[in-house]
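Trainee: Next up, entry_29.txt (compact mmCIF, C-alpha atoms).
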```txt
# COMPACT_ATOMS: atom_id res chain seq x y z
CA MET G 1 44.19 -2.74 34.88
CA PRO G 2 47.04 -5.17 34.12
CA PRO G 3 48.87 -4.47 30.83
CA GLY G 4 48.02 -7.93 29.54
CA VAL G 5 44.28 -7.28 29.94
CA VAL G 6 44.57 -3.88 28.24
CA SER G 7 46.41 -5.44 25.32
CA ALA G 8 43.80 -8.16 25.02
CA VAL G 9 40.99 -5.60 24.97
CA PHE G 10 42.75 -3.50 22.34
CA LEU G 11 43.42 -6.58 20.25
CA LEU G 12 39.76 -7.59 20.48
CA LEU G 13 38.64 -4.11 19.42
CA THR G 14 41.04 -4.06 16.51
CA THR G 15 39.94 -7.50 15.32
CA SER G 16 36.24 -6.66 15.54
CA CYS G 17 36.83 -3.36 13.73
CA ALA G 18 38.76 -5.03 10.91
CA HIS G 19 36.02 -7.63 10.56
CA ALA G 20 33.33 -4.90 10.44
CA VAL G 21 34.88 -2.67 7.79
CA GLY G 22 36.62 -5.35 5.75
CA PRO G 23 40.28 -5.90 5.00
CA SER G 24 40.71 -2.64 3.01
CA CYS G 25 40.42 -0.28 5.98
CA LEU G 26 43.10 -0.18 8.65
CA CYS G 27 42.15 -0.32 12.30
CA SER G 28 44.45 0.72 15.11
CA VAL G 29 44.23 1.51 18.80
CA GLN G 30 46.11 4.51 20.14
CA ASN G 31 45.70 6.07 23.58
CA ALA G 32 42.61 3.94 24.28
CA SER G 33 40.88 5.17 21.11
CA LEU G 34 39.87 3.01 18.16
CA GLN G 35 40.94 4.61 14.88
CA VAL G 36 39.55 3.50 11.51
CA ASN G 37 41.51 4.60 8.45
CA CYS G 38 39.67 4.12 5.14
CA SER G 39 41.34 6.96 3.27
CA SER G 40 42.50 6.83 -0.36
CA LEU G 41 40.76 3.54 -1.19
CA ASN G 42 38.52 4.81 -4.02
CA LEU G 43 35.44 4.06 -1.92
CA VAL G 44 32.10 5.12 -3.39
CA GLU G 45 30.23 4.55 -0.12
CA VAL G 46 31.12 4.39 3.55
CA PRO G 47 31.63 0.77 4.68
CA HIS G 48 29.93 -0.73 7.70
CA LEU G 49 31.76 0.57 10.76
CA SER G 50 32.16 -0.56 14.34
CA SER G 51 30.07 1.51 16.75
CA GLY G 52 33.12 1.77 19.03
CA ALA G 53 35.19 3.76 16.53
CA THR G 54 36.41 7.06 17.98
CA GLU G 55 38.19 8.32 14.86
CA LEU G 56 37.16 7.85 11.24
CA HIS G 57 39.32 8.85 8.30
CA ILE G 58 37.56 8.51 4.94
CA GLN G 59 39.14 11.40 3.08
CA ASP G 60 40.35 11.25 -0.53
CA ASN G 61 37.82 8.72 -1.77
CA ARG G 62 35.00 8.96 -4.32
CA LEU G 63 32.12 9.59 -1.94
CA THR G 64 29.30 11.73 -3.34
CA SER G 65 27.05 11.56 -0.29
CA VAL G 66 26.69 10.01 3.16
CA SER G 67 23.83 7.71 4.15
CA PRO G 68 21.38 9.29 6.62
CA GLY G 69 21.95 8.13 10.21
CA LEU G 70 25.54 7.00 9.60
CA PHE G 71 27.20 9.11 12.29
CA GLU G 72 24.43 8.55 14.87
CA ARG G 73 25.33 4.86 14.88
CA LEU G 74 28.95 5.72 15.80
CA VAL G 75 28.21 6.59 19.40
CA SER G 76 31.89 6.95 20.39
CA LEU G 77 32.98 9.06 17.41
CA LYS G 78 35.08 12.11 18.34
CA ARG G 79 36.95 12.94 15.13
CA VAL G 80 36.26 12.49 11.43
CA SER G 81 37.98 13.38 8.15
CA LEU G 82 35.75 13.80 5.06
CA HIS G 83 37.66 16.19 2.80
CA GLY G 84 38.91 15.24 -0.66
CA ASN G 85 35.64 13.56 -1.74
CA PRO G 86 33.58 14.76 -4.76
CA PHE G 87 30.38 15.39 -2.83
CA HIS G 88 27.33 16.15 -4.96
CA CYS G 89 25.37 18.79 -3.08
CA ASP G 90 21.77 18.05 -4.01
CA CYS G 91 18.97 16.85 -1.75
CA GLY G 92 21.01 13.78 -0.81
CA ILE G 93 23.66 15.89 0.97
CA GLN G 94 21.21 17.52 3.37
CA TYR G 95 21.81 14.97 6.14
CA LEU G 96 25.60 15.52 6.05
CA ARG G 97 25.15 19.30 6.02
CA ASN G 98 22.87 19.20 9.08
CA TRP G 99 25.26 16.90 10.93
CA LEU G 100 28.25 19.16 10.14
CA LEU G 101 26.41 22.19 11.53
CA LYS G 102 26.03 20.41 14.87
CA ASN G 103 29.48 18.76 14.97
CA ARG G 104 31.92 21.12 13.27
CA GLU G 105 34.42 20.74 16.11
CA MET G 106 34.77 17.04 15.28
CA VAL G 107 35.76 17.63 11.64
CA LEU G 108 39.47 17.95 10.92
CA LYS G 109 38.92 19.74 7.61
CA GLU G 110 35.57 20.84 6.23
CA PRO G 111 34.42 18.92 3.14
CA THR G 112 33.33 20.91 0.09
CA CYS G 113 30.92 20.45 -2.81
CA ALA G 114 32.22 19.25 -6.16
CA SER G 115 28.89 19.63 -7.98
CA PRO G 116 26.62 21.13 -9.14
CA SER G 117 28.58 24.02 -10.56
CA SER G 118 26.49 26.64 -8.71
CA VAL G 119 27.95 25.50 -5.36
CA ALA G 120 31.27 23.96 -6.46
CA GLN G 121 34.13 24.42 -3.98
CA ARG G 122 31.69 25.67 -1.36
CA ALA G 123 31.82 24.19 2.13
CA ILE G 124 28.92 21.82 2.70
CA ALA G 125 28.23 23.32 6.13
CA ASP G 126 27.84 26.77 4.53
CA LEU G 127 24.88 25.72 2.39
CA THR G 128 21.75 27.64 3.40
CA ASP G 129 18.24 26.34 3.92
CA ASP G 130 17.21 27.99 0.65
CA HIS G 131 19.43 25.53 -1.20
CA PHE G 132 17.17 22.68 0.00
CA THR G 133 13.79 24.38 -0.48
CA SER G 134 12.98 22.34 -3.59
CA CYS G 135 13.72 19.12 -1.65
CA VAL G 136 11.12 19.97 1.00
CA VAL G 137 8.49 20.87 -1.63
CA ALA G 138 9.10 17.68 -3.61
CA SER G 139 8.96 15.57 -0.46
CA CYS G 140 5.71 17.16 0.74
CA THR G 141 4.12 16.93 -2.71
CA GLY G 142 4.96 13.27 -3.04
CA ALA G 143 3.69 12.46 0.45
CA THR G 144 0.45 14.40 -0.09
CA TYR G 145 -0.18 12.71 -3.45
CA ASN G 146 0.37 9.25 -1.96
CA THR G 147 -1.94 10.04 0.96
CA VAL G 148 -4.74 11.30 -1.30
CA MET G 149 -4.47 8.30 -3.62
CA ALA G 150 -4.53 5.88 -0.69
CA ALA G 151 -7.62 7.60 0.76
CA MET G 152 -9.42 7.48 -2.61
CA LEU G 153 -8.60 3.79 -3.03
CA CYS G 154 -9.95 3.02 0.43
CA CYS G 155 -13.17 4.91 -0.36
CA VAL G 156 -13.67 2.96 -3.59
CA ILE G 157 -13.17 -0.35 -1.78
CA VAL G 158 -15.63 0.62 0.97
CA LEU G 159 -18.25 1.67 -1.61
CA LEU G 160 -17.87 -1.60 -3.49
CA LEU G 161 -18.26 -3.66 -0.32
CA TRP G 162 -21.26 -1.59 0.76
CA SER G 163 -22.92 -2.01 -2.66
CA LEU G 164 -22.35 -5.77 -2.55
CA LYS G 165 -23.88 -5.97 0.92
CA LEU G 166 -26.92 -3.99 -0.20
CA ALA G 167 -27.35 -6.21 -3.24
CA LYS G 168 -27.39 -9.32 -1.04
CA MET G 169 -29.85 -7.81 1.44
CA SER G 170 -32.25 -6.24 -1.08
CA THR G 171 -35.60 -7.93 -1.78
CA PHE G 172 -38.35 -7.40 -4.37
CA THR G 173 -42.04 -7.34 -3.45
CA LEU G 174 -44.68 -7.92 -6.14
CA SER G 175 -48.21 -6.91 -5.18
CA ILE G 176 -51.18 -8.68 -6.80
CA GLU G 177 -54.65 -7.27 -6.38
CA LYS G 178 -57.43 -9.72 -5.69
CA ARG G 179 -59.14 -9.01 -8.99
CA HIS G 180 -55.91 -10.08 -10.74
CA THR G 181 -55.36 -13.36 -8.88
CA GLY G 182 -55.43 -15.21 -12.18
CA ILE G 183 -52.05 -15.17 -13.94
CA GLU G 184 -52.03 -15.12 -17.69
CA ALA G 185 -50.36 -18.17 -19.16
CA GLY G 186 -48.26 -16.09 -21.54
CA SER G 187 -46.56 -14.31 -18.62
CA LEU G 188 -45.01 -17.53 -17.31
CA GLN G 189 -43.09 -18.61 -20.42
CA SER G 190 -39.78 -18.14 -18.57
CA LEU G 191 -40.56 -20.66 -15.85
CA LYS G 192 -38.67 -23.93 -15.54
CA PRO G 193 -39.67 -26.79 -17.84
CA ARG G 194 -41.67 -28.67 -15.19
CA TYR G 195 -43.84 -25.64 -14.58
CA ARG G 196 -44.24 -25.10 -18.31
CA ARG G 197 -45.41 -28.74 -18.64
CA ARG G 198 -47.98 -28.19 -15.90
CA LEU G 199 -49.04 -24.99 -17.62
CA ASN G 200 -49.54 -26.81 -20.93
CA THR G 201 -51.67 -29.42 -19.12
CA VAL G 202 -53.79 -26.70 -17.60
CA GLN G 203 -54.17 -25.03 -21.00
CA SER G 204 -55.25 -28.33 -22.58
CA GLU G 205 -57.83 -28.98 -19.86
CA ALA G 206 -59.10 -25.43 -20.24
CA SER G 207 -59.40 -25.88 -24.00
CA VAL G 208 -61.45 -29.08 -23.51
CA ASP G 209 -63.75 -27.35 -21.06
CA LEU G 210 -64.14 -24.50 -23.50
CA ASP G 211 -65.08 -26.85 -26.34
CA ILE G 212 -67.62 -28.71 -24.20
CA ASN G 213 -69.31 -25.79 -22.55
CA GLY G 214 -69.09 -23.40 -25.51
CA ALA G 215 -70.36 -20.61 -23.33
CA GLU G 216 -66.98 -19.39 -22.21
CA ASP G 217 -65.92 -15.93 -23.27
CA LEU G 218 -63.33 -16.34 -26.08
CA GLU G 219 -62.11 -12.80 -25.53
CA ARG G 220 -61.01 -13.51 -21.89
CA PRO G 221 -57.25 -14.41 -21.44
CA LEU G 222 -56.54 -17.95 -20.33
CA ALA G 223 -55.77 -17.98 -16.57
CA LEU G 224 -53.49 -20.29 -14.67
CA ASN G 225 -55.04 -22.89 -12.43
CA MET G 226 -54.97 -21.39 -8.92
CA GLU G 227 -53.62 -24.65 -7.51
CA LEU G 228 -50.30 -23.87 -9.27
CA LEU G 229 -50.05 -20.29 -7.99
CA PRO G 230 -48.67 -21.12 -4.48
CA GLN G 231 -45.90 -23.17 -6.06
CA VAL G 232 -44.97 -20.33 -8.40
CA ILE G 233 -44.94 -17.84 -5.53
CA ASP G 234 -42.78 -20.17 -3.44
CA VAL G 235 -40.25 -20.59 -6.26
CA LEU G 236 -40.04 -16.85 -6.84
CA HIS G 237 -39.46 -16.25 -3.15
CA ARG G 238 -36.88 -19.01 -2.56
CA LYS G 239 -34.92 -18.85 -5.82
CA HIS G 240 -35.16 -15.17 -6.78
CA ASN G 241 -35.90 -13.50 -3.42
CA ILE G 242 -39.10 -11.98 -4.86
CA LYS G 243 -41.94 -11.58 -2.39
CA ILE G 244 -45.52 -11.56 -3.65
CA LYS G 245 -48.31 -10.33 -1.47
CA ALA G 246 -51.98 -9.90 -2.17
CA THR G 247 -53.48 -6.41 -1.79
```
I'd like the structure from this file rewritten - as structure tokens, please.
Mentor:
Amino acid sequence: MPPGVVSAVFLLLTTSCAHAVGPSCLCSVQNASLQVNCSSLNLVEVPHLSSGATELHIQDNRLTSVSPGLFERLVSLKRVSLHGNPFHCDCGIQYLRNWLLKNREMVLKEPTCASPSSVAQRAIADLTDDHFTSCVVASCTGATYNTVMAAMLCCVIVLLLWSLKLAKMSTFTLSIEKRHTGIEAGSLQSLKPRYRRRLNTVQSEASVDLDINGAEDLERPLALNMELLPQVIDVLHRKHNIKIKAT
């Protein structure tokens, strides 16, 4: 490849790297490898990096952890420096510890824990699985609780919808025996005004007939005119979904 093309490619890589990590980090190309130097900048988190970086130097900063998946995005990475950072070795350091166990040959100098005091100055890669047991329990407990609560909420919603559907589909059937085909006037006081007016008319007519004939039984309850009964049954069925059948 002509030297001019190589220089152009290197210049393009350097420019894209500088744009990705910002002006604080230094990008350089040596021996066809893209080196990113972000050391001693008081960084509290790793900046966005170019996926083409082959070397990453982020030592002597203020990093306490590394975001999960960071190094998997750097597909060309071959060497990294992480020492000199005050890493806090709690559950958040588990990703870095697992990555170091698989890629120790890429690390120039092993990073160590700064806190908590029980593991201070201990290499992160030397932390055992027992150190992260509480993290697994807490994660499982939280996931199980969320799953149970979601299932209970779904059940409540389904029951409410089912109850509403049953309420809409339910009907009432009122059976009237033939010997009770007359409806007492006092039992229809809750009807609409127009039916109450008709009822009063019927009562008045019945009272007149009673005065004229005189032979009617005064002990017998006043019955509704049977001509009004079909209208009452129709209203109960259409407005209140109450079915009345004779037995």
Trainee: Can you measure CA of Val119 (chain G) to CA of Gly69 (chain G) for me? One decimal in Å is fine.
Mentor: 24.1 Å
Trainee: Need to verify the contact set: region 97-103 of chain G, 12 Å, all atoms listed in the file, exclusion of same-chain residues closer than 3 positions in sequence. Can you return it as an NGL selection string?
Mentor: :G and (65-72 or 77-82 or 87-94 or 106-113 or 122-129 or 131-132)
Trainee: Pick the closest to Ser51 (chain G) from G:Thr64, G:Lys165, G:Val75, G:Ser39: which is it, counting all atoms listed in the file?
Mentor: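 Smallest separation from Ser51 (chain G) among the options: G:Val75.
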Trainee: One number please: CA of Leu56 (chain G) to CA of Ala114 (chain G), in Å, one decimal.
Mentor: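 Taking CA of Leu56 (chain G) as the start and CA of Ala114 (chain G) as the end point, the length is 21.4 Å.
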Trainee: Of the candidates G:Cys38, G:Gln59, G:Thr133, G:Pro86, which shows the shortest atom-to-atom distance to Ala120 (chain G), using only C-alpha atoms?
Mentor: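 Of the candidates, the smallest distance to Ala120 (chain G) is held by G:Pro86.
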Trainee: Can you measure CA of Leu96 (chain G) to CA of Leu34 (chain G) for me? One decimal in Å is fine.
Mentor: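 If I compute the distance from CA of Leu96 (chain G) to CA of Leu34 (chain G), I get 22.5 Å.
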Trainee: Closest to Asn85 (chain G) among G:Ala53, G:Ala151, G:Leu159, G:Val46, using only C-alpha atoms?
Mentor: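 Residue with the minimum atom-to-atom distance to Asn85 (chain G): G:Val46.
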Trainee: In terms of the shortest atom-to-atom distance over all atoms listed in the file, which of G:Ile157, G:Ser76, G:Glu55, G:His83 is closest to Ser40 (chain G)?
Mentor: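 The closest residue to Ser40 (chain G) is G:His83.
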Trainee: G:Val158, G:Thr54, G:Arg73, G:Asn61: which is nearest Gln30 (chain G), counting all atoms listed in the file?
Mentor: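 Among G:Val158, G:Thr54, G:Arg73, G:Asn61, it is G:Thr54 that comes nearest to Gln30 (chain G).
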